[in-house]
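> Structure file upload-v7.txt (compact mmCIF, C-alpha atoms and all ligand atoms) is given on the next line.
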```
# COMPACT_ATOMS: atom_id res chain seq x y z
CA MET A 30 -3.00 -19.39 -17.12
CA GLY A 31 -0.41 -16.59 -16.91
CA PRO A 32 3.18 -17.07 -18.05
CA ARG A 33 5.71 -18.87 -15.87
CA VAL A 34 8.45 -16.36 -14.97
CA VAL A 35 11.64 -17.22 -13.12
CA VAL A 36 12.94 -14.28 -11.12
CA LEU A 37 16.60 -14.59 -10.14
CA GLY A 38 17.37 -12.90 -6.82
CA ALA A 39 15.29 -12.52 -3.66
CA GLY A 40 16.50 -9.07 -2.67
CA VAL A 41 14.01 -6.20 -2.60
CA ILE A 42 14.17 -5.93 -6.40
CA GLY A 43 13.49 -9.58 -7.26
CA LEU A 44 10.76 -9.88 -4.62
CA SER A 45 9.09 -6.66 -5.81
CA VAL A 46 9.13 -7.87 -9.42
CA ALA A 47 7.71 -11.26 -8.37
CA ARG A 48 5.01 -9.66 -6.27
CA ALA A 49 3.97 -7.34 -9.11
CA LEU A 50 3.97 -10.26 -11.58
CA GLY A 51 1.80 -12.35 -9.26
CA ALA A 52 -0.64 -9.47 -8.83
CA ARG A 53 -1.00 -9.31 -12.63
CA GLY A 54 -1.81 -12.98 -13.15
CA ALA A 55 1.65 -14.32 -14.02
CA ARG A 56 3.17 -17.34 -12.23
CA PRO A 57 6.48 -16.17 -10.79
CA LEU A 58 9.04 -18.37 -9.07
CA VAL A 59 11.91 -16.71 -7.20
CA VAL A 60 15.31 -18.39 -7.03
CA ASP A 61 18.12 -17.09 -4.79
CA ALA A 62 21.62 -18.43 -4.28
CA SER A 63 21.79 -17.56 -0.59
CA PRO A 64 20.17 -19.67 2.12
CA ALA A 65 18.77 -16.39 3.49
CA ALA A 66 18.82 -13.55 0.97
CA ARG A 67 20.76 -11.02 2.98
CA GLU A 68 22.78 -9.00 0.54
CA ALA A 69 22.52 -5.29 -0.37
CA SER A 70 18.82 -5.11 0.51
CA TRP A 71 19.54 -6.27 4.04
CA ALA A 72 22.72 -4.17 4.36
CA ALA A 73 21.19 -0.85 3.29
CA GLY A 74 20.48 2.26 5.34
CA GLY A 75 16.77 2.56 4.49
CA ILE A 76 16.94 6.10 3.13
CA LEU A 77 14.24 6.94 0.58
CA GLY A 78 16.54 9.59 -0.85
CA LEU A 79 15.16 11.84 -3.54
CA GLY A 80 16.55 15.34 -3.04
CA THR A 81 19.86 14.25 -1.55
CA GLU A 82 20.57 11.58 -4.16
CA TYR A 83 19.77 13.42 -7.38
CA ALA A 84 21.37 16.79 -8.20
CA ALA A 85 19.69 17.41 -11.57
CA ASP A 86 16.63 16.50 -13.58
CA GLY A 87 17.01 13.50 -15.89
CA PRO A 88 15.91 9.88 -16.24
CA GLY A 89 17.35 8.88 -12.85
CA TYR A 90 15.52 11.66 -11.04
CA ARG A 91 12.27 11.02 -12.93
CA LEU A 92 12.31 7.33 -12.00
CA ALA A 93 13.13 8.24 -8.39
CA ARG A 94 10.26 10.72 -8.27
CA PHE A 95 7.85 8.13 -9.68
CA ALA A 96 9.10 5.72 -6.98
CA PHE A 97 9.16 8.18 -4.07
CA ASP A 98 5.58 9.35 -4.49
CA ARG A 99 4.26 5.81 -4.10
CA TRP A 100 5.89 4.89 -0.80
CA ASP A 101 3.22 5.81 1.74
CA GLY A 102 0.62 3.69 -0.04
CA VAL A 103 3.04 0.82 -0.60
CA ALA A 104 4.14 0.60 3.04
CA ASP A 105 0.50 0.69 4.20
CA ARG A 106 -0.46 -2.11 1.82
CA LEU A 107 2.52 -4.28 2.80
CA ARG A 108 1.77 -3.77 6.51
CA ARG A 109 -1.88 -4.74 6.03
CA GLU A 110 -1.01 -7.76 3.87
CA THR A 111 1.72 -9.19 6.09
CA GLY A 112 1.45 -7.73 9.59
CA VAL A 113 5.11 -6.67 9.39
CA PRO A 114 5.23 -3.26 11.13
CA LEU A 115 6.64 -1.35 8.19
CA GLU A 116 6.35 2.41 8.29
CA VAL A 117 7.69 5.35 6.37
CA THR A 118 9.06 8.22 8.48
CA ARG A 119 9.01 11.57 6.75
CA ALA A 120 11.27 13.67 8.97
CA GLY A 121 13.49 14.68 6.07
CA THR A 122 17.25 14.85 5.76
CA LEU A 123 19.59 17.58 6.96
CA LEU A 124 22.28 17.80 4.31
CA VAL A 125 25.11 19.50 6.16
CA ALA A 126 27.69 21.82 4.54
CA LYS A 127 31.29 21.33 5.62
CA ASP A 128 32.53 24.75 4.41
CA ALA A 129 31.47 27.84 2.43
CA ALA A 130 32.01 26.15 -0.96
CA ASP A 131 29.88 23.25 0.20
CA ALA A 132 27.16 25.65 1.39
CA ALA A 133 27.11 27.25 -2.09
CA ALA A 134 26.68 23.79 -3.62
CA LEU A 135 23.78 23.15 -1.27
CA GLU A 136 22.19 26.48 -2.33
CA ALA A 137 22.39 25.27 -5.95
CA ARG A 138 20.91 21.92 -4.93
CA GLY A 139 18.06 23.76 -3.20
CA ALA A 140 17.40 25.80 -6.35
CA PHE A 141 17.14 22.57 -8.35
CA HIS A 142 14.72 21.19 -5.77
CA ARG A 143 12.49 24.24 -6.01
CA SER A 144 12.54 23.99 -9.83
CA VAL A 145 11.05 20.48 -9.59
CA GLY A 146 8.65 21.30 -6.76
CA LEU A 147 10.61 19.82 -3.83
CA ALA A 148 10.25 22.08 -0.78
CA SER A 149 13.85 22.07 0.51
CA ALA A 150 14.91 24.85 2.86
CA MET A 151 18.39 26.34 3.25
CA LEU A 152 19.12 26.91 6.94
CA ASP A 153 21.89 28.66 8.85
CA GLY A 154 23.51 26.96 11.86
CA PRO A 155 20.89 27.99 14.46
CA GLY A 156 18.10 27.13 12.00
CA ALA A 157 19.58 23.66 11.41
CA ARG A 158 19.89 23.07 15.17
CA ARG A 159 16.24 24.02 15.64
CA VAL A 160 15.42 21.09 13.30
CA GLU A 161 17.96 18.81 15.03
CA PRO A 162 19.25 20.09 18.40
CA ARG A 163 21.98 17.43 18.58
CA LEU A 164 23.70 18.77 15.46
CA ALA A 165 27.28 19.89 16.18
CA PRO A 166 27.76 23.59 17.08
CA ARG A 167 30.33 23.84 14.25
CA VAL A 168 27.63 23.32 11.60
CA GLU A 169 26.98 26.66 9.89
CA ALA A 170 24.62 25.68 7.08
CA ALA A 171 22.39 22.81 6.04
CA LEU A 172 19.74 22.05 3.46
CA HIS A 173 16.60 20.50 4.95
CA VAL A 174 15.31 18.12 2.30
CA PRO A 175 11.83 16.63 2.45
CA GLU A 176 12.54 12.93 2.11
CA ALA A 177 11.88 9.78 4.04
CA ARG A 178 13.21 6.54 5.50
CA LEU A 179 12.07 3.06 6.42
CA ASP A 180 13.55 -0.05 7.98
CA ASN A 181 14.89 -1.95 4.96
CA ARG A 182 15.20 -5.25 6.84
CA ARG A 183 11.50 -5.06 7.68
CA LEU A 184 10.83 -4.21 4.06
CA LEU A 185 12.70 -7.34 2.95
CA GLU A 186 10.75 -9.41 5.48
CA ALA A 187 7.44 -7.88 4.36
CA LEU A 188 8.13 -8.43 0.65
CA ASP A 189 9.13 -12.04 1.31
CA ALA A 190 5.97 -12.61 3.38
CA ALA A 191 3.78 -10.88 0.78
CA CYS A 192 5.16 -13.14 -1.97
CA ARG A 193 4.64 -16.29 0.07
CA ASN A 194 1.12 -15.17 1.11
CA ALA A 195 0.34 -14.74 -2.58
CA GLY A 196 1.43 -18.34 -3.23
CA ILE A 197 4.72 -17.33 -4.88
CA GLU A 198 7.46 -19.86 -4.23
CA VAL A 199 10.78 -18.39 -3.07
CA ARG A 200 13.52 -21.02 -3.43
CA THR A 201 16.62 -20.06 -1.47
CA GLY A 202 20.03 -21.74 -1.54
CA VAL A 203 19.69 -22.35 -5.29
CA ARG A 204 22.24 -20.64 -7.50
CA ALA A 205 21.35 -19.88 -11.12
CA LEU A 206 24.25 -20.84 -13.38
CA ARG A 207 23.12 -19.72 -16.80
CA CYS A 208 20.18 -18.80 -18.95
CA VAL A 209 18.85 -21.53 -21.20
CA GLU A 210 18.08 -20.55 -24.80
CA ARG A 211 16.31 -22.31 -27.62
CA GLY A 212 15.78 -20.82 -31.08
CA GLY A 213 17.15 -17.47 -29.86
CA ARG A 214 14.63 -17.29 -26.98
CA VAL A 215 15.44 -17.49 -23.29
CA LEU A 216 13.35 -20.33 -21.93
CA GLY A 217 14.51 -20.77 -18.36
CA VAL A 218 17.65 -21.21 -16.31
CA GLU A 219 20.08 -23.92 -15.40
CA THR A 220 20.66 -23.98 -11.63
CA GLU A 221 22.93 -25.96 -9.34
CA HIS A 222 19.90 -28.15 -8.72
CA GLY A 223 18.80 -28.66 -12.32
CA ALA A 224 16.92 -26.83 -15.02
CA VAL A 225 13.98 -24.53 -14.36
CA PRO A 226 11.94 -24.02 -17.54
CA ALA A 227 10.00 -20.80 -17.92
CA ASP A 228 8.37 -18.49 -20.43
CA ALA A 229 10.58 -15.61 -19.26
CA VAL A 230 13.54 -14.93 -16.96
CA VAL A 231 14.10 -11.76 -14.91
CA VAL A 232 17.66 -11.18 -13.71
CA ALA A 233 17.55 -9.34 -10.36
CA THR A 234 20.80 -10.59 -8.87
CA GLY A 235 22.13 -7.19 -7.80
CA ALA A 236 25.91 -6.83 -7.79
CA TRP A 237 26.20 -10.39 -9.18
CA SER A 238 24.17 -9.71 -12.33
CA GLU A 239 27.08 -9.43 -14.77
CA GLU A 240 27.82 -13.17 -14.64
CA VAL A 241 24.25 -14.29 -15.14
CA ALA A 242 23.60 -11.74 -17.92
CA ALA A 243 26.81 -12.79 -19.71
CA THR A 244 25.49 -16.33 -20.07
CA ALA A 245 22.82 -14.86 -22.38
CA GLY A 246 25.41 -12.86 -24.29
CA LEU A 247 24.70 -9.54 -22.61
CA THR A 248 27.41 -7.03 -21.67
CA LEU A 249 26.70 -5.61 -18.23
CA PRO A 250 29.76 -3.88 -16.71
CA MET A 251 28.61 -4.15 -13.10
CA VAL A 252 30.89 -2.95 -10.31
CA PRO A 253 30.17 -4.03 -6.74
CA VAL A 254 30.67 -1.02 -4.48
CA LYS A 255 31.18 -2.14 -0.94
CA GLY A 256 29.62 -0.16 1.89
CA GLN A 257 30.50 -0.74 5.54
CA MET A 258 27.94 0.22 8.16
CA LEU A 259 27.44 0.09 11.90
CA ARG A 260 24.56 0.45 14.31
CA VAL A 261 24.74 2.41 17.54
CA GLU A 262 22.32 1.97 20.40
CA ALA A 263 20.06 5.01 21.00
CA PRO A 264 16.49 5.55 22.18
CA ASP A 265 13.73 6.40 19.71
CA GLY A 266 13.67 10.15 19.20
CA PHE A 267 17.42 10.53 19.77
CA LEU A 268 17.58 12.06 16.29
CA GLY A 269 14.69 13.50 14.28
CA PRO A 270 15.84 13.74 10.66
CA ILE A 271 18.54 11.82 8.82
CA VAL A 272 21.82 13.74 9.07
CA LYS A 273 24.11 13.54 6.07
CA GLN A 274 27.37 15.05 4.88
CA GLY A 275 28.96 13.63 1.72
CA PRO A 276 29.12 9.85 2.12
CA GLN A 277 28.61 10.05 5.89
CA TYR A 278 25.16 9.67 7.36
CA LEU A 279 23.18 8.85 10.46
CA VAL A 280 19.77 7.22 9.98
CA PRO A 281 17.47 6.83 12.99
CA GLN A 282 15.47 3.57 12.83
CA ARG A 283 12.56 3.07 15.19
CA GLY A 284 13.44 0.52 17.87
CA ARG A 285 16.85 -0.12 16.31
CA GLY A 286 19.01 2.86 17.26
CA ILE A 287 21.03 4.77 14.69
CA VAL A 288 22.50 3.32 11.50
CA VAL A 289 25.83 4.98 10.74
CA GLY A 290 27.39 4.82 7.29
CA THR A 291 29.32 4.42 5.10
CA THR A 292 32.19 3.61 2.77
CA ALA A 293 32.26 3.26 -1.02
CA GLU A 294 34.99 0.74 -1.83
CA GLU A 295 35.83 -0.97 -5.10
CA VAL A 296 37.36 -4.14 -3.71
CA GLY A 297 35.51 -6.76 -5.73
CA PHE A 298 33.48 -9.08 -3.54
CA ALA A 299 35.84 -8.94 -0.52
CA ARG A 300 33.46 -9.45 2.37
CA GLY A 301 33.63 -8.36 5.98
CA THR A 302 34.25 -5.13 7.81
CA ASP A 303 37.50 -3.62 9.04
CA GLU A 304 37.92 -1.73 12.27
CA ALA A 305 39.90 1.16 10.73
CA ALA A 306 37.06 1.95 8.28
CA LEU A 307 34.42 1.57 10.98
CA ALA A 308 36.38 3.91 13.27
CA ARG A 309 36.53 6.54 10.49
CA ILE A 310 32.80 6.28 9.86
CA ARG A 311 32.08 6.57 13.54
CA ALA A 312 34.40 9.56 14.03
CA ALA A 313 32.77 11.38 11.10
CA ALA A 314 29.32 10.69 12.59
CA GLU A 315 30.41 12.00 16.02
CA ASP A 316 31.76 15.10 14.32
CA LEU A 317 28.23 15.73 12.99
CA VAL A 318 26.37 14.62 16.14
CA PRO A 319 28.75 14.78 19.16
CA ASP A 320 26.17 13.16 21.48
CA LEU A 321 26.79 9.89 19.66
CA ALA A 322 30.12 9.56 21.51
CA GLY A 323 30.16 6.78 24.08
CA ARG A 324 27.05 5.05 22.73
CA ALA A 325 27.49 1.33 22.34
CA ARG A 326 28.00 -0.21 18.92
CA VAL A 327 25.57 -3.10 18.56
CA GLU A 328 26.36 -4.34 15.08
CA ALA A 329 28.62 -3.82 12.05
CA TRP A 330 28.18 -5.17 8.54
CA ALA A 331 28.93 -4.59 4.87
CA GLY A 332 27.12 -5.01 1.57
CA PHE A 333 27.67 -4.57 -2.18
CA ARG A 334 25.85 -1.88 -4.15
CA PRO A 335 25.27 -2.84 -7.79
CA ARG A 336 26.72 -0.01 -9.92
CA LEU A 337 26.62 0.35 -13.71
CA PRO A 338 28.87 2.89 -15.52
CA ASP A 339 26.17 5.57 -15.93
CA LEU A 340 24.90 5.01 -12.37
CA LEU A 341 21.45 4.12 -13.71
CA PRO A 342 19.74 0.74 -13.40
CA ALA A 343 19.15 -1.69 -16.27
CA LEU A 344 15.43 -2.34 -16.50
CA GLY A 345 13.16 -4.13 -18.92
CA PRO A 346 13.43 -6.43 -21.93
CA VAL A 347 16.66 -7.45 -23.62
CA ALA A 348 15.59 -6.86 -27.21
CA SER A 349 18.11 -9.27 -28.75
CA ARG A 350 17.15 -12.07 -26.34
CA PRO A 351 13.38 -12.46 -26.27
CA GLY A 352 12.27 -13.86 -22.93
CA LEU A 353 15.08 -12.17 -20.97
CA PHE A 354 14.45 -9.16 -18.73
CA LEU A 355 16.70 -7.22 -16.36
CA ALA A 356 15.95 -5.48 -13.07
CA THR A 357 19.35 -4.59 -11.70
CA GLY A 358 22.01 -1.93 -11.17
CA HIS A 359 20.13 0.16 -8.60
CA PHE A 360 23.41 1.22 -6.98
CA ARG A 361 22.64 3.43 -3.93
CA ASN A 362 18.88 3.63 -4.41
CA GLY A 363 17.41 0.16 -4.71
CA ILE A 364 15.32 0.49 -1.56
CA LEU A 365 13.74 3.66 -2.90
CA LEU A 366 13.29 2.17 -6.38
CA CYS A 367 12.16 -1.39 -5.66
CA GLU A 368 8.39 -0.99 -5.81
CA ALA A 369 8.51 1.16 -8.95
CA THR A 370 10.93 -1.33 -10.52
CA GLY A 371 8.59 -4.19 -9.66
CA GLU A 372 5.66 -2.54 -11.36
CA LEU A 373 7.52 -1.36 -14.46
CA VAL A 374 9.38 -4.62 -15.06
CA ALA A 375 6.34 -6.83 -14.38
CA ARG A 376 4.32 -4.81 -16.88
CA ALA A 377 7.17 -5.10 -19.41
CA VAL A 378 7.27 -8.89 -18.99
CA LEU A 379 3.55 -8.94 -19.74
CA GLY A 380 4.01 -6.83 -22.87
CA ASP A 381 3.20 -3.35 -21.55
CA LEU A 382 6.41 -1.34 -21.96
CA ASP A 383 6.28 1.99 -20.12
CA PRO A 384 8.08 4.87 -21.92
CA LEU A 385 9.84 5.59 -18.60
CA LEU A 386 11.97 2.49 -19.24
CA ALA A 387 13.57 3.83 -22.43
CA ALA A 388 16.55 5.32 -20.59
CA PHE A 389 17.29 2.07 -18.77
CA ASP A 390 17.74 -0.25 -21.77
CA PRO A 391 19.70 -3.31 -20.57
CA GLU A 392 21.59 -3.41 -23.90
CA ARG A 393 22.97 0.12 -23.73
CA PHE A 394 26.42 -1.24 -22.79
CA GLY A 395 26.56 -3.56 -25.78
CA ARG A 396 25.73 -7.10 -26.74
CA GLY A 397 28.03 -10.06 -26.53
CA ALA A 398 28.28 -12.60 -29.30
CA ARG A 399 27.77 -15.71 -27.19
CA SER A 400 24.35 -17.23 -27.07
CA ASP A 401 25.27 -20.70 -25.83
CA GLY A 402 25.85 -19.49 -22.30
CA GLY A 403 29.44 -20.71 -22.34
CA GLY A 404 28.54 -23.64 -20.11
CA PRO A 405 27.76 -23.69 -16.42
CA ARG A 406 30.15 -21.90 -14.12
CA GLY A 407 30.98 -22.52 -10.51
CA PRO A 408 30.29 -20.00 -7.78
CA VAL A 409 32.50 -16.91 -7.78
CA ALA A 410 34.68 -16.17 -4.75
CA GLY A 411 32.68 -14.19 -2.25
CA GLY A 412 29.52 -15.16 -4.12
CA PRO A 413 26.12 -14.35 -2.71
CA GLY A 414 25.32 -16.01 0.56
CA GLN A 415 28.97 -16.69 1.42
CA ARG A 416 29.75 -15.10 4.74
CA PRO A 417 33.22 -13.92 5.65
C1 LIG B 1 25.82 -0.26 2.64
C2 LIG B 1 24.65 0.03 1.71
C3 LIG B 1 23.77 1.05 2.03
C4 LIG B 1 22.68 1.31 1.19
N1 LIG B 1 21.76 2.26 1.55
C5 LIG B 1 20.67 2.46 0.78
C6 LIG B 1 19.67 3.38 1.18
O1 LIG B 1 19.74 3.97 2.26
N2 LIG B 1 18.60 3.57 0.36
C7 LIG B 1 18.46 2.92 -0.84
O2 LIG B 1 17.49 3.14 -1.55
N3 LIG B 1 19.39 2.01 -1.23
C8 LIG B 1 20.48 1.78 -0.46
N4 LIG B 1 21.45 0.89 -0.85
C9 LIG B 1 21.31 0.26 -2.16
C10 LIG B 1 20.33 -0.89 -2.12
O3 LIG B 1 20.57 -1.65 -0.98
C11 LIG B 1 20.49 -1.75 -3.38
O4 LIG B 1 20.41 -0.94 -4.54
C12 LIG B 1 19.39 -2.79 -3.45
O5 LIG B 1 19.28 -3.49 -2.23
C13 LIG B 1 19.65 -3.76 -4.57
O6 LIG B 1 18.69 -4.78 -4.42
P1 LIG B 1 18.82 -6.13 -5.25
O7 LIG B 1 17.61 -6.92 -4.92
O8 LIG B 1 19.08 -5.79 -6.68
O9 LIG B 1 20.18 -6.77 -4.72
P2 LIG B 1 20.49 -7.69 -3.46
O10 LIG B 1 19.74 -7.27 -2.27
O11 LIG B 1 21.99 -7.72 -3.37
O12 LIG B 1 19.93 -9.09 -3.89
C14 LIG B 1 20.51 -9.82 -4.93
C15 LIG B 1 20.20 -11.27 -4.64
O13 LIG B 1 20.64 -12.06 -5.77
C16 LIG B 1 21.12 -13.26 -5.25
N5 LIG B 1 21.98 -13.86 -6.27
C17 LIG B 1 23.20 -13.45 -6.70
N6 LIG B 1 23.66 -14.26 -7.65
C18 LIG B 1 22.72 -15.22 -7.84
C19 LIG B 1 22.62 -16.33 -8.70
N7 LIG B 1 23.58 -16.65 -9.58
N8 LIG B 1 21.51 -17.11 -8.64
C20 LIG B 1 20.50 -16.81 -7.77
N9 LIG B 1 20.57 -15.77 -6.92
C21 LIG B 1 21.66 -14.96 -6.96
C22 LIG B 1 21.84 -12.89 -3.98
O14 LIG B 1 21.93 -13.99 -3.09
C23 LIG B 1 20.95 -11.79 -3.42
O15 LIG B 1 20.03 -12.25 -2.45
C24 LIG B 1 22.52 0.57 -0.01
C25 LIG B 1 23.40 -0.47 -0.30
C26 LIG B 1 24.45 -0.75 0.56
C27 LIG B 1 25.36 -1.90 0.24
```
Rewrite the coordinates I just gave you, this time as structure tokens.


Amino acid sequence: MGPRVVVLGAGVIGLSVARALGARGARPLVVDASPAAREASWAAGGILGLGTEYAADGPGYRLARFAFDRWDGVADRLRRETGVPLEVTRAGTLLVAKDAADAAALEARGAFHRSVGLASAMLDGPGARRVEPRLAPRVEAALHVPEARLDNRRLLEALDAACRNAGIEVRTGVRALRCVERGGRVLGVETEHGAVPADAVVVATGAWSEEVAATAGLTLPMVPVKGQMLRVEAPDGFLGPIVKQGPQYLVPQRGRGIVVGTTAEEVGFARGTDEAALARIRAAAEDLVPDLAGRARVEAWAGFRPRLPDLLPALGPVASRPGLFLATGHFRNGILLCEATGELVARAVLGDLDPLLAAFDPERFGRGARSDGGGPRGPVAGGPGQRP
């Protein structure tokens, strides 16, 4: 019988790790604090961003590349396994320059892309409008980047269904309070509803991972970065590619209009949206695509990106705490990275440590001295699952 592994967090990361563990003969159990796990994975924009997210080669880019190249196959498999109509759209992203300096930066970005074999194309204004006719007449330059998108809420639904189909229990509404250790080994977790013994624990609690990791003596300086989003009604085909300029973007989603984002706010776990921020996001989007004006807003929401100081995730074993593994800190790219994370972390749990993980050592921010967990703690304000 394979090892019993408790995975904390039922976002795309925890579910992907659980699914990969189950496929390799382990016995995962997923525990999530929220009644319905609807945090960052639900709040995201669904961009599988490779060329727009990474400006230079390095561990982050290499992990993203490993992840990106797998998506077509992954979406097909999930669709077949679950019937959830998940599909990857590869219409690319138009990264729009706001001025001449910005256009020069995009040229440099394009040169980096070519150096790593990504076929980006620098376009002038008319060229950009041939790719996307609704682009504002003021746009004078854009980089057309070959990347992709999917509906992240469908992805979450498909991963959840795939886990359950595989006989993996997903317990929602159960908050993990602390890791349980014996003889220096992590042997399960204490939850609000009692202890859950296990051979290994994987922390995949997104922006909330610092608390849980600290109970095993691990320093994880996680910052929740709030992003506000809105959805505007539009027919399929209204926009072809994703349109992006700095933090502003418009993502067409089949059957669900246009997702418009976003903010990057360090406000702790303060939930909810505010009209002033939403109005700014919307105005910036209309500046890029004027035809958006007058289209009805159908939804607005916010979520918390899990950000570590070096902007890279923490993945794999915690060497000083045998039995403890991390899969967190995916910041702006957890949708892109979830499947790759699932595979790499599941293999690590089962003793097969991929060299790709070296740069994502969970202990690179230091180790704490505590190993007793410091006792159970109550839920933090704005904790997962708490709605505004
Ligand atoms: C506005 C926004 C836009 C984004 N856009 C994109 C994008 O376009 N493309 C992309 O790739 N990425 C995007 N991201 C980033 C991406 O959404 C995240 O990196 C990813 O979803 C993180 O997944 P996760 O499973 O780690 O976290 P989450 O989805 O936040 O899941 C963490 C889970 O842990 C649970 N939890 C917390 N504490 C506990 C506890 N103590 N016990 C048990 N369970 C607990 C929570 O309830 C939650 O369900 C975006 C994020 C935001 C907020």

> Using only C-alpha atoms, collect all residues at a distance of at most 12 Å from (16.6, -28.6, -9.7) as written in the file, then present them as a PyMOL selection string.

chain A and resi 60+200-206+217-226

> Counting all atoms listed in the file, which protein, DNA or RNA residues come within 7 Å of ligand LIG 1 (chain B), given as a ChimeraX atom specification?

/A:37-43,60-63,66-78,203-206,233-238,241,255-258,291,331-335,357-366,412-414

> Counting all atoms listed in the file, which residues of segment 136-238 of chain A fall within 12 Å of segment 319-330 of chain A, and what is the closest atom pair for each with its distance in Å at one decimal, ordered by chain and rising number, as a Markdown table?


```
| residue | atom | partner | partner_atom | distance |
| --- | --- | --- | --- | --- |
| A:Glu161 | CA | A:Asp320 | CA | 11.9 |
| A:Pro162 | CA | A:Asp320 | CA | 10.3 |
| A:Arg163 | CA | A:Asp320 | CA | 6.6 |
| A:Leu164 | CA | A:Pro319 | CA | 7.4 |
| A:Ala165 | CA | A:Pro319 | CA | 6.1 |
| A:Pro166 | CA | A:Pro319 | CA | 9.1 |
| A:Arg167 | CA | A:Pro319 | CA | 10.4 |
| A:Val168 | CA | A:Pro319 | CA | 11.5 |
```

> I need the residue nearest His142 of chain A from this list: A:Arg94, A:Arg183, A:Arg300, A:Arg214. Use only C-alpha atoms for the distance.

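Ranked by minimum distance to His142 of chain A, first place goes to A:Arg94.
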
> What is the distance between atom CA of Arg48 of chain A and atom CA of Ala120 of chain A, in Å to one decimal?

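Atom-to-atom, atom CA of Arg48 of chain A and atom CA of Ala120 of chain A are spaced 28.6 Å apart.
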
> Per residue of segment 91-159 of chain A within 12 Å of segment 369-378 of chain A, record the nearest atom pair and its distance in Å to one decimal, counting all atoms listed in the file, with rows in chain order and ascending residue number, as CSV.


```
residue,atom,partner,partner_atom,distance
A:Arg91,CA,A:Ala369,CA,11.3
A:Leu92,CA,A:Ala369,CA,7.9
A:Ala93,CA,A:Ala369,CA,8.5
A:Arg94,CA,A:Ala369,CA,9.7
A:Phe95,CA,A:Ala369,CA,7.0
A:Ala96,CA,A:Ala369,CA,5.0
A:Phe97,CA,A:Ala369,CA,8.6
A:Asp98,CA,A:Ala369,CA,9.8
A:Arg99,CA,A:Ala369,CA,8.0
A:Trp100,CA,A:Ala369,CA,9.3
A:Val103,CA,A:Ala369,CA,10.0
```

> Could you check which of A:Asp180, A:Glu295, A:Glu392, A:Glu169 is closest to Pro114 of chain A, using all atoms listed in the file?

A:Asp180
